[in-house]
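Student: Below is the structure I would like to discuss, written out as structure tokens.
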Amino acid sequence: MAEVRVHVPAPLRSHVAGEPTILVEATSLHMALGAVQAAYPALADRLLTDDGRVRPYVNLFLNGRDVRLLEADKLTIDQPADLTIVPSIAGGAPDLTREERLRYHRQLILPELGLEGQQRLRAASVLVVGAGGLGSPAALYLAAAGVGRIGIVDGDIVELSNLHRQILHDTTSVGTRKTTSAKARLEELNPDVEVMEIPRRLDASNALEILDGWDVVVDGTDNFPTRYVINDACVLLGIPLAYGAIFRFDGQASVFAASGGPCYRCLFRDPPPAALAPSCAEAGVLGALPGIVGSIQATETIKLITGMGTPLIGRLLLVDALGGEFRSLEIRRDPACVVCGDTPTLTDLVDFEAFCAESLDVDEPGAPFPIPAGFQLPVPFPAVDALELKEMIDRGKRLVLVDVRDPAEHAMSDLANLGAISLPMEELEERLEEIDPLVETILFCRTGRRSMEAVEFLHSRGYARVLNLSGGINGWARDVDPNLPTY
Amino acid sequence: MKPARDLVLTDSARRLLHEDAAREYPQEACGALLGSADRVVEVHPLPNRAPHPRVSFAIEPCDLEPLLTAEAGGGLAVIGFYHSHPDSEPRPSKRDLAAALPGYWYLVVGVDRGVSGRFHAWRMRG
């Protein structure tokens, strides 16, 4: 038999006449607990359940080791031992006020959100970059949902042409700073929310400083330079990014830079040249579309903060407003990604401003976006479809058609009657001199997908007059020349 | 609850408490109050092991055990626990009260945008 000193924490000492330590004799832990139970039944009752197990809110440590982690044979006691009773200590954030309970009632009753979700929203901070078409609905819904702190980054002034989609602002705010107008509107909606104005244009020189410390960043910008800067900064700072983009009638949304998930660069490594990224001031946008996409960004942000549901990590949601369709594509983190890959080469922010100087204004209505390989969507690359090409030929426009398919495909169908030359993708690089940079050159393949890559490649080499035939030779066969075989 | 003035903190304990609360912001800081009776002479920060440390705190028994063992060996007694309320008032929440054990002091410090502010202490009648 060995002496076991049982150390009793203050809350339980009333059961042992105020003594901090009691002594029992035992040869095993089991026997020691039995002795405690016999001598101090009220104490044992606090420690053990009826079937002899240690209660969940206390732990027992034998000579400094958690007894739950000790193997059964270590529970024998052959020399004087210390058995320490350790209570678990916990607590939570302040409760919601009566007014908060009323304001958030309809979401509090969602079991997935509940009181704790609401407390997490209150404790959270979200930075919305761009108080435009996407930032407006995103910031409004986040403020309405009770996100404790919202930052708005925008260096622009409200213009009348913003109002058809930028619903944070109204007619009376035309001419005022967008951040000022946004703060006033959000505080009107929910006075509990602290809104921080950051009336600056985000770029590589200030992004890390502006983004640092926020829990989630919402990308509501409309241009590639800022989009890449935000993505890279979020990866470097480890902040999840609720991404959204719109172009005419199409939208995209995803969550980037979340732990283990892909980033924007995993999808699109580099921004397209400025010439291929027309601002939407030129392209136009349907006002309700950013309403949809910005609301998705708010939803994703709330999911990230509260831990509800399945966030759009590793998925790109595509919104086709004209077709009335949503699709989601699986995307993966690229281990070779320059910023979030296994051996990143980009460890500081790069400014694309010189590169994309023509599309810099934050808050022009929606930026175009590149399309992941393999998906047909309206593309920002210069392209013509079969009917437009037919019209160009009919007008007698000087152009050269280039077939980038491999020779076997060329044998199945060709546009030799239109003077098309064959220049397979594989040979493009070594036969560059065959392309006249001054003549309109239209590349085609079977469906327009590979030729789009070729267009991208040639543009990167300075061939600005190269266009893609969207729909490819099959599209030409369908719309213009039904005698041409398709495959 | 007993009024807060019953708990006395030394200047160094008070300073350390503010430092820990500010350091852990925006997460909740937590730790043990060491001393005797109603006098805190030392605060001992402990890791906050709660799954959502922004809105809750939890002290794991394995982190607390050395302090209780030291107490049993004649060291300073653990007389209670503290934690911070980031961007909130230093009043005990319902969860704080529900989890409080009689016999310990509980102290909560409010932190406003990273700056540690007022605090409030209470004790459950056991």
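All residue names refer to the structure tokens as shown: chains lettered A, B, ... in order, residues numbered from 1 in each chain, ligands numbered from 1 in order.
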Which of region 3-122 of chain B counts as alpha helix (DSSP H) under DSSP, as number ranges by chain please?

Tutor: B: 11-24, 61-72, 94-99

Student: So that I can check the surroundings of Leu34 (chain B), please list as a ChimeraX atom specification every protein, DNA and RNA residue that reaches within 9 Å of it, counting only C-alpha atoms and ignoring chain neighbours fewer than 5 positions away.

Tutor: /B:39-44,67,76-81

Student: At a cut-off of 6 Å, can you tabulate as JSON lines every residue of chain B near chain A together with its closest atom pair and the distance in Å to one decimal, using only C-alpha atoms and ordering rows by chain then number?

Tutor:
{"residue": "B:Val55", "atom": "CA", "partner": "A:Ala93", "partner_atom": "CA", "distance": 4.6}
{"residue": "B:Ser56", "atom": "CA", "partner": "A:Gly92", "partner_atom": "CA", "distance": 3.9}
{"residue": "B:Phe57", "atom": "CA", "partner": "A:Ala90", "partner_atom": "CA", "distance": 5.4}
{"residue": "B:Ala58", "atom": "CA", "partner": "A:Ala90", "partner_atom": "CA", "distance": 4.2}
{"residue": "B:Ile59", "atom": "CA", "partner": "A:Ile89", "partner_atom": "CA", "distance": 5.2}
{"residue": "B:Pro61", "atom": "CA", "partner": "A:Val86", "partner_atom": "CA", "distance": 5.7}
{"residue": "B:Ser93", "atom": "CA", "partner": "A:Pro94", "partner_atom": "CA", "distance": 4.4}
{"residue": "B:Arg95", "atom": "CA", "partner": "A:Gly92", "partner_atom": "CA", "distance": 5.2}
{"residue": "B:Asp96", "atom": "CA", "partner": "A:Gly91", "partner_atom": "CA", "distance": 4.2}
{"residue": "B:Pro102", "atom": "CA", "partner": "A:Pro11", "partner_atom": "CA", "distance": 5.2}
{"residue": "B:Gly103", "atom": "CA", "partner": "A:Pro11", "partner_atom": "CA", "distance": 4.3}

Student: What would the file look like if the residues just selected were written as a CSV table (one decimal), in the first residue's frame with N, CA and C atoms?

Tutor:
chain,number,residue,atom,x,y,z
B,55,VAL,N,-14.9,34.3,-29.4
B,55,VAL,CA,-16.1,34.4,-28.6
B,55,VAL,C,-16.2,33.5,-27.5
B,56,SER,N,-15.1,32.8,-27.1
B,56,SER,CA,-15.1,32.0,-25.9
B,56,SER,C,-13.7,31.7,-25.5
B,57,PHE,N,-13.6,31.1,-24.3
B,57,PHE,CA,-12.3,30.7,-23.8
B,57,PHE,C,-12.5,29.3,-23.2
B,58,ALA,N,-11.4,28.6,-23.2
B,58,ALA,CA,-11.4,27.3,-22.5
B,58,ALA,C,-10.0,27.0,-22.0
B,59,ILE,N,-9.8,26.6,-20.8
B,59,ILE,CA,-8.5,26.3,-20.2
B,59,ILE,C,-8.5,24.8,-20.1
B,61,PRO,N,-7.4,21.2,-18.8
B,61,PRO,CA,-6.8,20.7,-17.6
B,61,PRO,C,-5.3,20.5,-17.6
B,93,SER,N,-20.9,36.9,-19.0
B,93,SER,CA,-22.0,36.5,-20.0
B,93,SER,C,-22.7,35.3,-19.3
B,95,ARG,N,-22.9,32.3,-20.4
B,95,ARG,CA,-22.0,31.2,-20.5
B,95,ARG,C,-20.9,31.2,-19.4
B,96,ASP,N,-20.4,32.5,-19.1
B,96,ASP,CA,-19.4,32.6,-18.1
B,96,ASP,C,-20.0,32.2,-16.7
B,102,PRO,N,-18.1,27.5,-7.9
B,102,PRO,CA,-18.0,28.2,-6.6
B,102,PRO,C,-16.6,28.0,-6.0
B,103,GLY,N,-16.2,29.0,-5.3
B,103,GLY,CA,-14.9,28.9,-4.6
B,103,GLY,C,-13.8,29.6,-5.4

Student: Give me the residues near Asp63 (chain B) as a count of residues only, where near means some atom within 10 Å (using only C-alpha atoms) and where sequence neighbours in that chain fewer than 5 positions away do not count.

Tutor: 7

Student: So which residues touch Gly294 (chain A) within 8 Å, counting only C-alpha atoms, skipping near sequence neighbours fewer than 5 positions away, as a ChimeraX atom specification?

Tutor: /A:133-138,220,244

Student: Quick one: residues within 12 Å of Glu388 (chain A), only C-alpha atoms counted, chain neighbours fewer than 5 positions away excluded, as a PyMOL selection string?

Tutor: chain A and resi 383+393-395+397+442+467-471+475-476+479-480

Student: Can those selected residues be exported to a file as a PDB file, in the first residue's frame so that it contains C-alpha atoms?

Tutor:
ATOM      1  CA  ALA A 383     -13.111  36.695 -81.021  1.00  0.00           C
ATOM      2  CA  ILE A 393     -15.229  37.946 -95.698  1.00  0.00           C
ATOM      3  CA  ASP A 394     -18.268  39.187 -97.576  1.00  0.00           C
ATOM      4  CA  ARG A 395     -17.197  42.772 -96.929  1.00  0.00           C
ATOM      5  CA  LYS A 397     -11.926  42.563 -95.325  1.00  0.00           C
ATOM      6  CA  ILE A 442      -8.204  34.548 -87.324  1.00  0.00           C
ATOM      7  CA  LEU A 467      -8.544  36.872 -83.148  1.00  0.00           C
ATOM      8  CA  ASN A 468     -10.241  33.632 -82.292  1.00  0.00           C
ATOM      9  CA  LEU A 469     -13.006  31.951 -84.274  1.00  0.00           C
ATOM     10  CA  SER A 470     -15.382  31.074 -81.470  1.00  0.00           C
ATOM     11  CA  GLY A 471     -17.249  27.837 -82.139  1.00  0.00           C
ATOM     12  CA  GLY A 475     -19.459  26.341 -85.775  1.00  0.00           C
ATOM     13  CA  TRP A 476     -18.632  27.472 -89.296  1.00  0.00           C
ATOM     14  CA  ASP A 479     -23.886  28.314 -89.275  1.00  0.00           C
ATOM     15  CA  VAL A 480     -22.322  29.020 -92.657  1.00  0.00           C
TER      16      VAL A 480
END

Student: Could you please write out, as a list in words, every residue of region 50-90 of chain B that DSSP assigns to strand (DSSP E)?

Tutor: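 Checking each residue of region 50-90 of chain B, the strand (DSSP E) ones are Ser56, Phe57, Ala58, Ile59, Ala77, Val78, Ile79, Gly80, Phe81, Tyr82, His83, Ser84, His85 and Pro86 of chain B.
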
Student: Looking at B:Cys62, B:Ala22, B:Ala98, B:Met124, which one is nearest to Ser84 (chain B), with distances taken over only C-alpha atoms?

Tutor: B:Ala22

Student: Quick one: distance from CA of Thr179 (chain A) to CA of Ala143 (chain A) in Å, one decimal?

Tutor: 14.4 Å

Student: List the neighbours of His85 (chain B) out to 9 Å using only C-alpha atoms; skip same-chain residues closer than 2 positions along the sequence, and give me the result as a list in words.

Tutor: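 Listed by chain and then number, they are Gly92, Ala93 and Pro94 of chain A; Ala21, Tyr25, Pro26, Gln27, Glu28, Ala29, Arg54, Val55, Ser56, His83, Asp87, Ser88, Glu89, Pro90, Arg91, Val108, Val109, Gly110, Val111 and Asp112 of chain B.
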
Student: Could you save the residues just selected, with N, CA and C atoms, as a tab-separated table (two decimals), in the first residue's frame?

Tutor:
chain	number	residue	atom	x	y	z
A	92	GLY	N	-17.81	32.27	-22.21
A	92	GLY	CA	-18.10	32.74	-23.56
A	92	GLY	C	-18.24	34.24	-23.62
A	93	ALA	N	-18.39	34.70	-24.84
A	93	ALA	CA	-18.51	36.13	-25.08
A	93	ALA	C	-19.82	36.66	-24.49
A	94	PRO	N	-19.91	37.97	-24.34
A	94	PRO	CA	-21.13	38.55	-23.78
A	94	PRO	C	-22.36	38.17	-24.58
B	21	ALA	N	-4.31	40.72	-22.19
B	21	ALA	CA	-5.58	40.96	-22.90
B	21	ALA	C	-5.32	41.67	-24.22
B	25	TYR	N	-5.74	40.04	-28.19
B	25	TYR	CA	-6.79	40.64	-29.01
B	25	TYR	C	-6.53	40.35	-30.49
B	26	PRO	N	-7.50	40.02	-31.33
B	26	PRO	CA	-8.95	40.03	-31.05
B	26	PRO	C	-9.47	38.73	-30.43
B	27	GLN	N	-8.57	37.85	-29.99
B	27	GLN	CA	-9.05	36.64	-29.34
B	27	GLN	C	-9.19	36.90	-27.84
B	28	GLU	N	-9.93	36.04	-27.19
B	28	GLU	CA	-10.06	36.15	-25.75
B	28	GLU	C	-8.78	35.63	-25.10
B	29	ALA	N	-8.23	36.44	-24.19
B	29	ALA	CA	-7.09	36.00	-23.39
B	29	ALA	C	-7.65	35.27	-22.17
B	54	ARG	N	-12.42	33.68	-30.50
B	54	ARG	CA	-12.90	35.06	-30.59
B	54	ARG	C	-14.07	35.30	-29.64
B	55	VAL	N	-14.86	34.26	-29.41
B	55	VAL	CA	-16.09	34.45	-28.65
B	55	VAL	C	-16.17	33.51	-27.46
B	56	SER	N	-15.09	32.83	-27.13
B	56	SER	CA	-15.13	31.96	-25.95
B	56	SER	C	-13.71	31.66	-25.50
B	83	HIS	N	-10.39	36.18	-17.95
B	83	HIS	CA	-10.42	36.14	-19.42
B	83	HIS	C	-10.84	37.50	-19.93
B	87	ASP	N	-13.69	43.77	-27.59
B	87	ASP	CA	-14.70	44.71	-28.09
B	87	ASP	C	-16.04	44.57	-27.37
B	88	SER	N	-15.99	44.26	-26.09
B	88	SER	CA	-17.23	44.13	-25.34
B	88	SER	C	-17.03	44.59	-23.91
B	89	GLU	N	-18.16	44.77	-23.26
B	89	GLU	CA	-18.16	45.18	-21.85
B	89	GLU	C	-17.63	44.05	-20.97
B	90	PRO	N	-16.99	44.41	-19.86
B	90	PRO	CA	-16.47	43.37	-18.98
B	90	PRO	C	-17.52	42.82	-18.02
B	91	ARG	N	-18.70	42.51	-18.55
B	91	ARG	CA	-19.69	41.89	-17.67
B	91	ARG	C	-19.77	40.40	-17.96
B	108	VAL	N	-13.08	39.40	-15.49
B	108	VAL	CA	-13.17	39.59	-16.94
B	108	VAL	C	-12.73	41.02	-17.26
B	109	VAL	N	-11.91	41.14	-18.31
B	109	VAL	CA	-11.42	42.47	-18.69
B	109	VAL	C	-11.94	42.81	-20.09
B	110	GLY	N	-12.48	44.00	-20.23
B	110	GLY	CA	-12.97	44.46	-21.54
B	110	GLY	C	-11.81	44.98	-22.36
B	111	VAL	N	-11.84	44.70	-23.67
B	111	VAL	CA	-10.79	45.20	-24.56
B	111	VAL	C	-11.47	45.95	-25.69
B	112	ASP	N	-11.07	47.20	-25.87
B	112	ASP	CA	-11.69	48.01	-26.91
B	112	ASP	C	-10.68	48.23	-28.03

Student: I'd like the contact shell of Ala454 (chain A) - 10 Å cut-off, only C-alpha atoms, skipping same-chain residues fewer than 5 positions apart - returned as a ChimeraX atom specification.

Tutor: /A:404,424-426,428-429,443-445,448-449,459-460,466-468

Student: Those selected residues, please, written with C-alpha atoms and delivered as a tab-separated table (two decimals), in the first residue's frame.

Tutor:
chain	number	residue	atom	x	y	z
A	404	VAL	CA	-4.17	25.44	-85.52
A	424	PRO	CA	-0.60	23.31	-85.83
A	425	MET	CA	-0.40	24.49	-82.20
A	426	GLU	CA	2.80	22.51	-81.63
A	428	LEU	CA	3.27	27.82	-83.55
A	429	GLU	CA	6.30	28.97	-81.64
A	443	LEU	CA	-7.26	31.31	-85.62
A	444	PHE	CA	-9.55	28.33	-85.59
A	445	CYS	CA	-9.62	24.77	-84.30
A	448	GLY	CA	-12.59	27.38	-80.63
A	449	ARG	CA	-11.06	26.24	-77.39
A	459	HIS	CA	-1.02	38.15	-77.89
A	460	SER	CA	1.62	37.48	-75.27
A	466	VAL	CA	-4.95	37.91	-83.80
A	467	LEU	CA	-8.54	36.87	-83.15
A	468	ASN	CA	-10.24	33.63	-82.29

Student: Taking only C-alpha atoms into account, name the residue in A:Ala44, A:Val338, A:Glu100, A:Leu349 that is nearest to Asp203 (chain A).

Tutor: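 Distance minimum relative to Asp203 (chain A) lands on A:Leu349.
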
Student: Quick one: of A:Leu401, A:Ala81, A:Met412, A:Ile157, who's nearest to Thr441 (chain A), counting only C-alpha atoms?

Tutor: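 Ranked by minimum distance to Thr441 (chain A), first place goes to A:Leu401.
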
Student: Which of these, B:Arg15, B:Gly35, B:Leu107, B:Thr69, has the shortest distance to Phe119 (chain B) once you count only C-alpha atoms?

Tutor: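 The closest residue to Phe119 (chain B) is B:Leu107.
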
Student: From the list B:Leu17, B:Val115, B:Leu101, B:Ala121, which residue is nearest Pro45 (chain B) when using only C-alpha atoms?

Tutor: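 Closest to Pro45 (chain B), using only C-alpha atoms: B:Leu17.
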